[in-house]
Every structure is written in structure tokens, then in C-alpha cells.
>>> print(open('target08.cif').read())   # mmCIF, C-alpha atoms
data_protein
loop_
_atom_site.label_atom_id
_atom_site.label_comp_id
_atom_site.auth_asym_id
_atom_site.auth_seq_id
_atom_site.Cartn_x
_atom_site.Cartn_y
_atom_site.Cartn_z
CA MET A 121 18.03 -17.98 64.39
CA LYS A 122 17.94 -21.36 62.69
CA GLY A 123 16.13 -21.94 59.41
CA PRO A 124 14.61 -25.21 58.13
CA LEU A 125 16.87 -27.97 56.81
CA PHE A 126 17.43 -28.49 53.10
CA TYR A 127 18.85 -31.77 51.85
CA SER A 128 21.43 -32.83 49.30
CA LYS A 129 20.37 -34.61 46.11
CA ILE A 130 21.59 -37.29 43.75
CA LEU A 131 21.00 -37.16 40.03
CA LEU A 132 20.68 -40.89 39.36
CA PHE A 133 20.47 -40.46 35.60
CA GLY A 134 20.78 -37.55 33.22
CA GLU A 135 24.19 -35.98 33.93
CA TYR A 136 25.12 -33.92 30.85
CA GLY A 137 22.24 -35.51 28.90
CA ILE A 138 19.67 -33.16 30.42
CA ILE A 139 21.55 -30.22 28.91
CA LYS A 140 20.55 -31.75 25.57
CA ASP A 141 17.03 -32.86 26.53
CA SER A 142 17.57 -36.41 27.74
CA LYS A 143 15.42 -37.71 30.55
CA GLY A 144 16.73 -37.43 34.08
CA LEU A 145 15.87 -38.65 37.56
CA SER A 146 16.92 -36.79 40.66
CA ILE A 147 16.27 -37.99 44.22
CA PRO A 148 16.74 -36.29 47.60
CA TYR A 149 19.61 -37.66 49.67
CA ASN A 150 18.89 -36.99 53.34
CA PHE A 151 22.35 -38.00 54.57
CA TYR A 152 23.55 -34.40 54.11
CA ASN A 153 21.76 -31.14 54.79
CA GLY A 154 22.16 -27.45 55.44
CA ALA A 155 20.33 -24.55 57.12
CA LEU A 156 20.68 -20.78 57.49
CA LYS A 157 21.95 -19.83 60.94
CA LYS A 158 23.36 -17.07 63.11
CA SER A 159 25.84 -17.61 65.88
CA GLU A 160 27.31 -15.58 68.76
CA ASN A 161 30.78 -17.04 68.15
CA PRO A 162 31.05 -17.85 64.45
CA SER A 163 33.70 -20.33 63.32
CA GLU A 164 36.13 -19.61 60.49
CA THR A 165 33.88 -21.63 58.14
CA ALA A 166 30.84 -19.58 59.21
CA ILE A 167 32.72 -16.30 58.56
CA LYS A 168 33.72 -17.53 55.08
CA SER A 169 30.15 -18.63 54.35
CA ASN A 170 28.86 -15.22 55.50
CA ALA A 171 31.24 -13.42 53.10
CA SER A 172 30.02 -15.63 50.25
CA LEU A 173 26.37 -14.93 51.23
CA LYS A 174 27.10 -11.19 51.04
CA ARG A 175 28.21 -11.56 47.41
CA PHE A 176 25.23 -13.80 46.68
CA ALA A 177 22.79 -11.29 48.21
CA GLU A 178 24.22 -8.56 45.97
CA TYR A 179 23.93 -10.82 42.93
CA LEU A 180 20.26 -11.60 43.69
CA GLN A 181 19.45 -7.91 43.25
CA THR A 182 20.48 -8.20 39.58
CA ILE A 183 17.87 -10.91 38.80
CA ASP A 184 14.91 -9.70 36.75
CA SER A 185 12.19 -8.66 39.22
CA ASP A 186 9.52 -10.00 36.84
CA LEU A 187 10.91 -13.47 37.52
CA VAL A 188 11.34 -13.26 41.30
CA ARG A 189 11.55 -10.57 43.97
CA PHE A 190 13.35 -10.90 47.29
CA ASP A 191 13.08 -9.06 50.57
CA SER A 192 16.55 -7.62 49.95
CA ALA A 193 16.48 -5.30 52.96
CA LEU A 194 15.82 -8.21 55.34
CA LEU A 195 18.35 -10.47 53.58
CA LEU A 196 21.09 -7.82 53.74
CA ALA A 197 20.26 -7.05 57.38
CA ASP A 198 20.55 -10.76 58.26
CA VAL A 199 23.78 -11.16 56.29
CA ASN A 200 25.24 -8.05 57.92
CA SER A 201 24.41 -9.47 61.33
CA GLY A 202 26.45 -12.60 60.57
CA MET A 203 24.03 -15.09 58.98
CA TYR A 204 25.73 -18.07 57.30
CA PHE A 205 24.81 -21.40 55.74
CA ASP A 206 25.61 -24.24 58.10
CA SER A 207 25.97 -27.29 55.88
CA SER A 208 27.22 -30.87 56.08
CA ILE A 209 26.91 -31.17 52.26
CA PRO A 210 30.40 -31.55 50.79
CA GLN A 211 31.20 -28.93 48.14
CA GLY A 212 32.31 -30.09 44.70
CA TYR A 213 30.97 -33.61 45.27
CA GLY A 214 28.02 -33.61 42.89
CA VAL A 215 25.41 -33.80 45.64
CA GLY A 216 24.05 -30.27 45.40
CA SER A 217 25.72 -28.08 48.03
CA SER A 218 24.84 -24.81 46.24
CA GLY A 219 21.37 -26.18 45.46
CA ALA A 220 20.50 -26.49 49.14
CA LEU A 221 21.70 -22.95 49.83
CA VAL A 222 19.65 -21.54 46.94
CA ALA A 223 16.56 -23.40 48.22
CA ALA A 224 17.09 -22.03 51.75
CA ILE A 225 17.43 -18.41 50.55
CA TYR A 226 14.36 -18.67 48.30
CA ASP A 227 12.34 -20.21 51.12
CA GLN A 228 13.27 -17.48 53.59
CA TYR A 229 13.36 -14.32 51.46
CA ALA A 230 11.37 -14.66 48.21
CA PHE A 231 8.12 -12.71 47.89
CA ASP A 232 5.09 -14.61 46.49
CA LYS A 233 6.98 -17.87 46.70
CA ILE A 234 5.58 -21.15 45.41
CA THR A 235 5.33 -23.51 48.38
CA VAL A 236 5.63 -27.27 48.68
CA LEU A 237 2.07 -27.44 50.01
CA GLU A 238 0.49 -26.13 46.82
CA ASN A 239 -0.80 -28.24 43.99
CA LEU A 240 2.48 -28.40 42.08
CA THR A 241 1.38 -28.06 38.46
CA ARG A 242 3.91 -28.44 35.65
CA GLU A 243 3.80 -24.62 35.21
CA LYS A 244 4.70 -24.05 38.86
CA LEU A 245 7.53 -26.58 38.73
CA LEU A 246 8.94 -24.95 35.60
CA LYS A 247 8.62 -21.49 37.15
CA LEU A 248 10.53 -22.70 40.24
CA LYS A 249 13.17 -24.36 38.06
CA THR A 250 13.66 -21.11 36.07
CA VAL A 251 13.95 -19.04 39.26
CA PHE A 252 16.42 -21.49 40.77
CA ALA A 253 18.48 -21.63 37.55
CA ALA A 254 18.83 -17.84 37.63
CA MET A 255 19.82 -17.91 41.32
CA GLU A 256 22.24 -20.83 41.10
CA SER A 257 24.07 -19.52 38.04
CA PHE A 258 25.90 -17.26 40.54
CA PHE A 259 27.81 -20.40 41.60
CA HIS A 260 28.18 -22.37 38.37
CA GLY A 261 27.97 -19.96 35.45
CA LYS A 262 25.14 -22.04 33.98
CA SER A 263 22.62 -23.95 36.05
CA SER A 264 19.63 -26.09 35.15
CA GLY A 265 17.93 -25.19 38.44
CA LEU A 266 17.30 -28.86 39.20
CA ASP A 267 19.47 -29.21 42.29
CA PRO A 268 17.72 -26.42 44.20
CA LEU A 269 14.36 -27.70 42.96
CA ASN A 270 15.06 -31.12 44.39
CA SER A 271 16.35 -29.70 47.63
CA TYR A 272 13.42 -27.30 48.00
CA LEU A 273 10.71 -29.89 47.35
CA SER A 274 12.54 -32.89 48.83
CA ILE A 275 10.79 -35.31 46.48
CA PRO A 276 12.07 -37.24 43.43
CA ILE A 277 11.93 -35.21 40.22
CA LEU A 278 11.46 -36.78 36.81
CA ILE A 279 12.85 -34.74 33.93
CA ASN A 280 11.13 -35.69 30.68
CA SER A 281 12.73 -32.81 28.77
CA LYS A 282 13.84 -29.25 29.45
CA ASP A 283 10.26 -27.96 29.55
CA ASN A 284 8.59 -31.01 30.99
CA ILE A 285 9.34 -31.96 34.58
CA GLU A 286 7.17 -33.61 37.20
CA ALA A 287 7.29 -34.82 40.77
CA THR A 288 7.40 -38.61 40.74
CA GLY A 289 7.32 -41.62 43.01
CA ILE A 290 10.12 -44.18 42.89
CA PRO A 291 9.75 -47.89 43.72
CA ALA A 292 9.98 -48.59 47.46
CA GLN A 293 13.40 -49.73 48.58
CA GLN A 294 13.90 -53.42 49.33
CA SER A 295 15.84 -53.39 52.58
CA GLU A 296 16.70 -57.09 52.15
CA GLY A 297 17.63 -56.64 48.48
CA LYS A 298 21.15 -57.40 47.27
CA GLY A 299 21.04 -54.83 44.48
CA ALA A 300 22.12 -51.30 45.37
CA VAL A 301 23.00 -47.83 44.20
CA PHE A 302 26.05 -46.57 46.07
CA LEU A 303 28.51 -43.68 46.26
CA ILE A 304 32.31 -43.88 46.24
CA ASP A 305 34.32 -40.93 47.52
CA SER A 306 36.99 -40.12 44.92
CA GLY A 307 38.85 -38.04 47.49
CA ILE A 308 39.10 -35.17 44.99
CA VAL A 309 36.99 -32.02 44.92
CA GLY A 310 35.40 -31.58 41.50
CA GLU A 311 34.52 -28.22 39.97
CA THR A 312 31.36 -28.00 37.91
CA ALA A 313 32.14 -25.06 35.61
CA PRO A 314 35.34 -26.45 33.96
CA MET A 315 33.65 -29.84 33.40
CA VAL A 316 30.59 -28.25 31.79
CA ASN A 317 32.89 -26.12 29.61
CA LEU A 318 34.71 -29.28 28.52
CA PHE A 319 31.39 -30.85 27.59
CA MET A 320 30.33 -27.76 25.64
CA GLU A 321 33.63 -27.84 23.73
CA SER A 322 33.07 -31.53 22.83
CA MET A 323 29.57 -30.64 21.63
CA LYS A 324 31.16 -28.69 18.79
CA GLN A 325 32.25 -31.99 17.21
CA GLU A 326 29.65 -33.69 15.06
CA GLY A 327 30.79 -37.18 16.10
CA PHE A 328 30.32 -36.37 19.78
CA ARG A 329 26.88 -34.85 19.18
CA ASN A 330 25.89 -37.94 17.25
CA MET A 331 27.10 -40.29 20.00
CA LEU A 332 25.19 -38.25 22.55
CA LYS A 333 21.94 -38.57 20.65
CA THR A 334 22.14 -42.16 19.41
CA GLN A 335 23.86 -43.78 22.41
CA PHE A 336 24.14 -41.71 25.58
CA ILE A 337 20.65 -40.22 25.59
CA LYS A 338 19.07 -43.46 24.37
CA HIS A 339 20.48 -45.47 27.29
CA THR A 340 19.90 -42.67 29.81
CA ASP A 341 16.21 -42.52 28.88
CA ALA A 342 15.96 -46.32 29.06
CA CYS A 343 17.59 -46.34 32.54
CA VAL A 344 15.08 -43.77 33.84
CA ASP A 345 12.14 -45.81 32.50
CA ASP A 346 13.57 -49.08 33.85
CA PHE A 347 14.22 -47.61 37.28
CA LEU A 348 10.73 -46.12 37.63
CA LYS A 349 9.04 -49.31 36.43
CA GLY A 350 11.27 -51.55 38.55
CA ASN A 351 12.63 -53.45 35.50
CA ILE A 352 15.84 -54.38 37.29
CA LYS A 353 17.24 -56.76 34.64
CA SER A 354 16.86 -54.21 31.87
CA LEU A 355 18.11 -51.42 34.16
CA PHE A 356 21.45 -53.15 34.71
CA LYS A 357 21.80 -53.91 31.01
CA ASN A 358 21.31 -50.23 30.17
CA THR A 359 23.48 -49.02 33.06
CA LYS A 360 26.32 -51.22 31.78
CA GLN A 361 26.01 -49.60 28.33
CA LEU A 362 25.97 -46.16 29.93
CA SER A 363 29.09 -46.97 31.96
CA LYS A 364 30.87 -48.07 28.75
CA ILE A 365 29.85 -44.93 26.85
CA VAL A 366 31.04 -42.66 29.67
CA LEU A 367 34.40 -44.48 29.84
CA SER A 368 34.85 -44.07 26.08
CA HIS A 369 33.58 -40.54 25.56
CA PHE A 370 33.69 -38.73 28.93
CA LYS A 371 37.12 -39.88 30.12
CA PRO A 372 38.33 -36.38 31.13
CA MET A 373 35.44 -36.22 33.63
CA ILE A 374 36.56 -39.46 35.33
CA PRO A 375 39.43 -39.06 37.83
CA GLN A 376 42.52 -40.82 36.46
CA GLN A 377 42.82 -43.41 39.24
CA PHE A 378 39.29 -44.67 38.52
CA HIS A 379 39.78 -45.54 34.84
CA GLU A 380 40.94 -49.09 35.66
CA LEU A 381 38.25 -49.69 38.31
CA TRP A 382 35.62 -48.43 35.88
CA LYS A 383 36.79 -50.90 33.23
CA LYS A 384 37.00 -53.75 35.72
CA GLY A 385 33.37 -53.26 36.75
CA ILE A 386 32.21 -53.55 33.14
CA GLU A 387 34.37 -56.66 32.55
CA THR A 388 33.37 -58.53 35.74
CA ASN A 389 29.74 -57.29 35.98
CA ASN A 390 30.29 -56.91 39.74
CA TYR A 391 29.37 -53.23 39.57
CA TYR A 392 28.95 -50.43 37.01
CA LEU A 393 30.21 -46.92 37.67
CA LYS A 394 28.84 -43.64 36.37
CA LEU A 395 29.32 -39.94 36.93
CA CYS A 396 27.60 -38.31 39.90
CA GLY A 397 26.89 -34.78 38.73
CA SER A 398 29.49 -33.26 36.44
CA GLY A 399 32.37 -35.52 37.51
CA GLY A 400 35.97 -34.37 37.73
CA GLY A 401 36.09 -35.61 41.32
CA GLY A 402 33.62 -35.70 44.18
CA TYR A 403 31.44 -38.78 44.34
CA ILE A 404 31.21 -41.53 41.75
CA LEU A 405 27.90 -43.34 41.47
CA GLY A 406 27.83 -47.14 41.40
CA PHE A 407 25.15 -49.70 40.54
CA THR A 408 25.40 -53.35 41.54
CA GLU A 409 23.19 -56.42 41.53
CA ASP A 410 25.14 -57.78 44.50
CA ILE A 411 26.39 -55.27 47.04
CA GLU A 412 28.65 -57.84 48.76
CA LYS A 413 30.47 -58.60 45.50
CA ALA A 414 30.85 -54.88 44.84
CA GLN A 415 32.23 -54.31 48.35
CA GLU A 416 34.79 -57.07 47.87
CA ALA A 417 35.83 -55.76 44.46
CA LEU A 418 36.08 -52.19 45.79
CA ALA A 419 37.59 -53.13 49.16
CA ASP A 420 39.93 -50.10 49.13
CA TYR A 421 36.97 -47.74 49.17
CA THR A 422 34.10 -47.03 51.51
CA LEU A 423 30.77 -47.51 49.73
CA GLU A 424 27.84 -45.43 50.88
CA VAL A 425 24.60 -47.18 49.91
CA VAL A 426 21.89 -44.72 48.84
CA TYR A 427 19.21 -47.10 47.54
CA ASN A 428 18.48 -50.84 47.78
CA PHE A 429 16.77 -52.97 45.13
#
>>> encode(input="target08.cif", output="C-alpha cells")
Amino acid sequence: MKGPLFYSKILLFGEYGIIKDSKGLSIPYNFYNGALKKSENPSETAIKSNASLKRFAEYLQTIDSDLVRFDSALLLADVNSGMYFDSSIPQGYGVGSSGALVAAIYDQYAFDKITVLENLTREKLLKLKTVFAAMESFFHGKSSGLDPLNSYLSIPILINSKDNIEATGIPAQQSEGKGAVFLIDSGIVGETAPMVNLFMESMKQEGFRNMLKTQFIKHTDACVDDFLKGNIKSLFKNTKQLSKIVLSHFKPMIPQQFHELWKKGIETNNYYLKLCGSGGGGYILGFTEDIEKAQEALADYTLEVVYNF
């Protein structure tokens, strides 16, 4: 047995903001993927994955059947015969490892599933997002459902607000372009739940809530609009502001050894860094108008380019 592949994702804009109704833009990242499999001689990783799938299968039976129903008998039979999730998506890196697994399970075992081939109305997208949020909360405590949605559909998703999402097109990449979005590996595994808890604690302070509304969400929304319209000059201006705001107000989510690099990018304009997912480790997202300059400035790190302007 080998199921279809589901890809990782990158939330270009909207980390934390989408919890409070900012815009967001999520794109599939085909460099990593995962699929459900069975094997005659499972590796240690496969055995661990199988044990985790067992717990997940049990959890799925607690989800309200009005929302989604699964072929639990088939799922449990497959899990008991050694099925696991074979994935190259790094866990705790902000690129949607649990999202791809959720998408794969829904695809294989959900009754009356909404398929990619249908006319994806806003209602259907929201229904999928709600189903995926309920499924993925097994891993994170609280999930928006966006990662699995992106992985399942494998198309860019524009988040206008919590209840308003749509599939979108993004400007074609310029393979000769100097501008780029890239990933830096922090070398640390990040955990989503503690970071989200930290954010929720900060939200209790009026000053933080104010900053979120008047600065963070304002520039996040502007970045999404700029990116989709191809307004590169304005995009970098807003990304710089976003990078500054994150350095000032989301410092605990930035690994310690990146504080200086983060600041240096803002001062030199060679690159701007931002969180990839919830932060705390994993990947850090970078934006640059000149990838060669960014590579020189970040010579100690390997940059993985995900999009060219």
C-alpha cells in the first residue's frame, strides 16, 4: 500500500495575526511531502509513526459525527496491520508536518469527503477548514485547520478573515529575478503549543493587543496585498516594518542566536527575517531584494529559496 503524496506548506504572511483575523497567505511547498504506507520490514521511525497513528485514530472517533465521519473500522484495520506516515517533512519546523498527515487521513478515510475536483465554493473551503481544525487539534491543542487545507488542496490559500478564505493565484515566479523568499534552518526544533500559549498570554495585555491591531495586522494585510498584486517595492517596505515589529514584540519566539542577525538585516536592508509558523525554532523565513547579498550576509547558513521575484 502507498497512498498519494501530500506536500508541506509555507505561511508567507499571517503567523499569529490570523488568530486575530488578519489576512494570511499560505502556499504549498513541494520540497517536502508525506504519504501513508505499509511495509514488510518497518523501520524504527515507521513503528513510532504507527503508534502515533493508533492514538490519532482513537481521537478521530471523538469528533462530532455531524461534522465528519470516518471509516473507523478500515482505518483501525490498516493501523493494526502496521500503516504509518512516511514523511520527509521535518517536524517542529513550521512547514506543516501534521497538516500533511491530517490531509492524508481525511483523503483516505473520510465519508462524503469534499474533493479537490469540485467547484470549491467558500462554504466548502470553510467546511474543510473546520474539519481539519478539529482533526489537527489532536497535535497542537488549537489548530486553525489551514495547514491541512493547504496540503490537501495543494494550491495557494488567501485568508481574508477567519470566515472568509479563498483559493488564489500568486504572481508567476521570475526565475531570473534577484529578489527571493528563502528559508534558514535554525537547527532547533520548535514546538507550536508553548509558542501559541505565550502569544495568548501576551494577548491579555492591552498594549500588546493594541500593537497587534494597529501595527502587526496592518502591515501583515499590506504585505499580502502587495505580494498578490506584485507591488515589490511596497512589499519590501511593509516586510521591513513587520520584521521590526516581530523583533520588538515577539522576541521570545525568535531563537536567541538570531536576534543579532535579525537586527542586522533591518539595519543593512540586505534581507528581512520573519517567523515561519509559530517560531521557537524550525525554519525562519527571509525576504530579500538581492539573493546574492543575502547569501553573503548569511554565509554561515544554508538558504533554501522558495520563491523568486
>>> resolve_selection(input="target08.cif", expression="the PyMOL selection byres ((chain A and resi 391-398) around 7)", output="ChimeraX atom specification")
/A:131,135,214,312,315-316,359-360,363,382,385-386,389-390,399-400,403-408,414
>>> resolve_selection(input="target08.cif", expression="the PyMOL selection byres ((chain A and resi 357) around 10)", output="list of chain:residue names")
A:His339, A:Ala342, A:Cys343, A:Asp346, A:Ile352, A:Lys353, A:Ser354, A:Leu355, A:Phe356, A:Asn358, A:Thr359, A:Lys360, A:Gln361, A:Leu362, A:Asn389, A:Tyr392
>>> write_last_selection(input="target08.cif", atoms="C-alpha atoms", output="mmCIF file, keeping the file's coordinate frame")
data_model
loop_
_atom_site.group_PDB
_atom_site.id
_atom_site.type_symbol
_atom_site.label_atom_id
_atom_site.label_comp_id
_atom_site.auth_asym_id
_atom_site.auth_seq_id
_atom_site.Cartn_x
_atom_site.Cartn_y
_atom_site.Cartn_z
ATOM 1 C CA HIS A 339 20.480 -45.470 27.290
ATOM 2 C CA ALA A 342 15.960 -46.320 29.060
ATOM 3 C CA CYS A 343 17.590 -46.340 32.540
ATOM 4 C CA ASP A 346 13.570 -49.080 33.850
ATOM 5 C CA ILE A 352 15.840 -54.380 37.290
ATOM 6 C CA LYS A 353 17.240 -56.760 34.640
ATOM 7 C CA SER A 354 16.860 -54.210 31.870
ATOM 8 C CA LEU A 355 18.110 -51.420 34.160
ATOM 9 C CA PHE A 356 21.450 -53.150 34.710
ATOM 10 C CA ASN A 358 21.310 -50.230 30.170
ATOM 11 C CA THR A 359 23.480 -49.020 33.060
ATOM 12 C CA LYS A 360 26.320 -51.220 31.780
ATOM 13 C CA GLN A 361 26.010 -49.600 28.330
ATOM 14 C CA LEU A 362 25.970 -46.160 29.930
ATOM 15 C CA ASN A 389 29.740 -57.290 35.980
ATOM 16 C CA TYR A 392 28.950 -50.430 37.010
#
>>> closest_residue(input="target08.cif", among="A:Val344, A:Val301, A:Met373, A:Leu221", to="Ser169 in chain A", atoms="all atoms listed in the file")
A:Leu221
>>> resolve_selection(input="target08.cif", expression="the PyMOL selection byres ((chain A and resi 128) around 12)", output="PDB file with C-alpha atoms, keeping the file's coordinate frame")
ATOM      1  CA  LEU A 125      16.870 -27.970  56.810  1.00  0.00           C
ATOM      2  CA  PHE A 126      17.430 -28.490  53.100  1.00  0.00           C
ATOM      3  CA  TYR A 127      18.850 -31.770  51.850  1.00  0.00           C
ATOM      4  CA  LYS A 129      20.370 -34.610  46.110  1.00  0.00           C
ATOM      5  CA  ILE A 130      21.590 -37.290  43.750  1.00  0.00           C
ATOM      6  CA  LEU A 131      21.000 -37.160  40.030  1.00  0.00           C
ATOM      7  CA  SER A 146      16.920 -36.790  40.660  1.00  0.00           C
ATOM      8  CA  ILE A 147      16.270 -37.990  44.220  1.00  0.00           C
ATOM      9  CA  PRO A 148      16.740 -36.290  47.600  1.00  0.00           C
ATOM     10  CA  TYR A 149      19.610 -37.660  49.670  1.00  0.00           C
ATOM     11  CA  ASN A 150      18.890 -36.990  53.340  1.00  0.00           C
ATOM     12  CA  PHE A 151      22.350 -38.000  54.570  1.00  0.00           C
ATOM     13  CA  TYR A 152      23.550 -34.400  54.110  1.00  0.00           C
ATOM     14  CA  ASN A 153      21.760 -31.140  54.790  1.00  0.00           C
ATOM     15  CA  GLY A 154      22.160 -27.450  55.440  1.00  0.00           C
ATOM     16  CA  ALA A 155      20.330 -24.550  57.120  1.00  0.00           C
ATOM     17  CA  SER A 207      25.970 -27.290  55.880  1.00  0.00           C
ATOM     18  CA  SER A 208      27.220 -30.870  56.080  1.00  0.00           C
ATOM     19  CA  ILE A 209      26.910 -31.170  52.260  1.00  0.00           C
ATOM     20  CA  PRO A 210      30.400 -31.550  50.790  1.00  0.00           C
ATOM     21  CA  GLN A 211      31.200 -28.930  48.140  1.00  0.00           C
ATOM     22  CA  TYR A 213      30.970 -33.610  45.270  1.00  0.00           C
ATOM     23  CA  GLY A 214      28.020 -33.610  42.890  1.00  0.00           C
ATOM     24  CA  VAL A 215      25.410 -33.800  45.640  1.00  0.00           C
ATOM     25  CA  GLY A 216      24.050 -30.270  45.400  1.00  0.00           C
ATOM     26  CA  SER A 217      25.720 -28.080  48.030  1.00  0.00           C
ATOM     27  CA  SER A 218      24.840 -24.810  46.240  1.00  0.00           C
ATOM     28  CA  GLY A 219      21.370 -26.180  45.460  1.00  0.00           C
ATOM     29  CA  ALA A 220      20.500 -26.490  49.140  1.00  0.00           C
ATOM     30  CA  LEU A 221      21.700 -22.950  49.830  1.00  0.00           C
ATOM     31  CA  VAL A 222      19.650 -21.540  46.940  1.00  0.00           C
ATOM     32  CA  ALA A 223      16.560 -23.400  48.220  1.00  0.00           C
ATOM     33  CA  ALA A 224      17.090 -22.030  51.750  1.00  0.00           C
ATOM     34  CA  LEU A 266      17.300 -28.860  39.200  1.00  0.00           C
ATOM     35  CA  ASP A 267      19.470 -29.210  42.290  1.00  0.00           C
ATOM     36  CA  PRO A 268      17.720 -26.420  44.200  1.00  0.00           C
ATOM     37  CA  LEU A 269      14.360 -27.700  42.960  1.00  0.00           C
ATOM     38  CA  ASN A 270      15.060 -31.120  44.390  1.00  0.00           C
ATOM     39  CA  SER A 271      16.350 -29.700  47.630  1.00  0.00           C
ATOM     40  CA  TYR A 272      13.420 -27.300  48.000  1.00  0.00           C
ATOM     41  CA  LEU A 273      10.710 -29.890  47.350  1.00  0.00           C
ATOM     42  CA  SER A 274      12.540 -32.890  48.830  1.00  0.00           C
ATOM     43  CA  ILE A 275      10.790 -35.310  46.480  1.00  0.00           C
ATOM     44  CA  PRO A 276      12.070 -37.240  43.430  1.00  0.00           C
ATOM     45  CA  VAL A 426      21.890 -44.720  48.840  1.00  0.00           C
TER      46      VAL A 426
END
>>> closest_residue(input="target08.cif", among="A:Ile285, A:Val309, A:Ile277, A:Ala254", to="Val188 in chain A", atoms="only C-alpha atoms")
A:Ala254
>>> closest_residue(input="target08.cif", among="A:Thr165, A:Ser295, A:Gln415, A:Gln325", to="Met203 in chain A", atoms="all atoms listed in the file")
A:Thr165
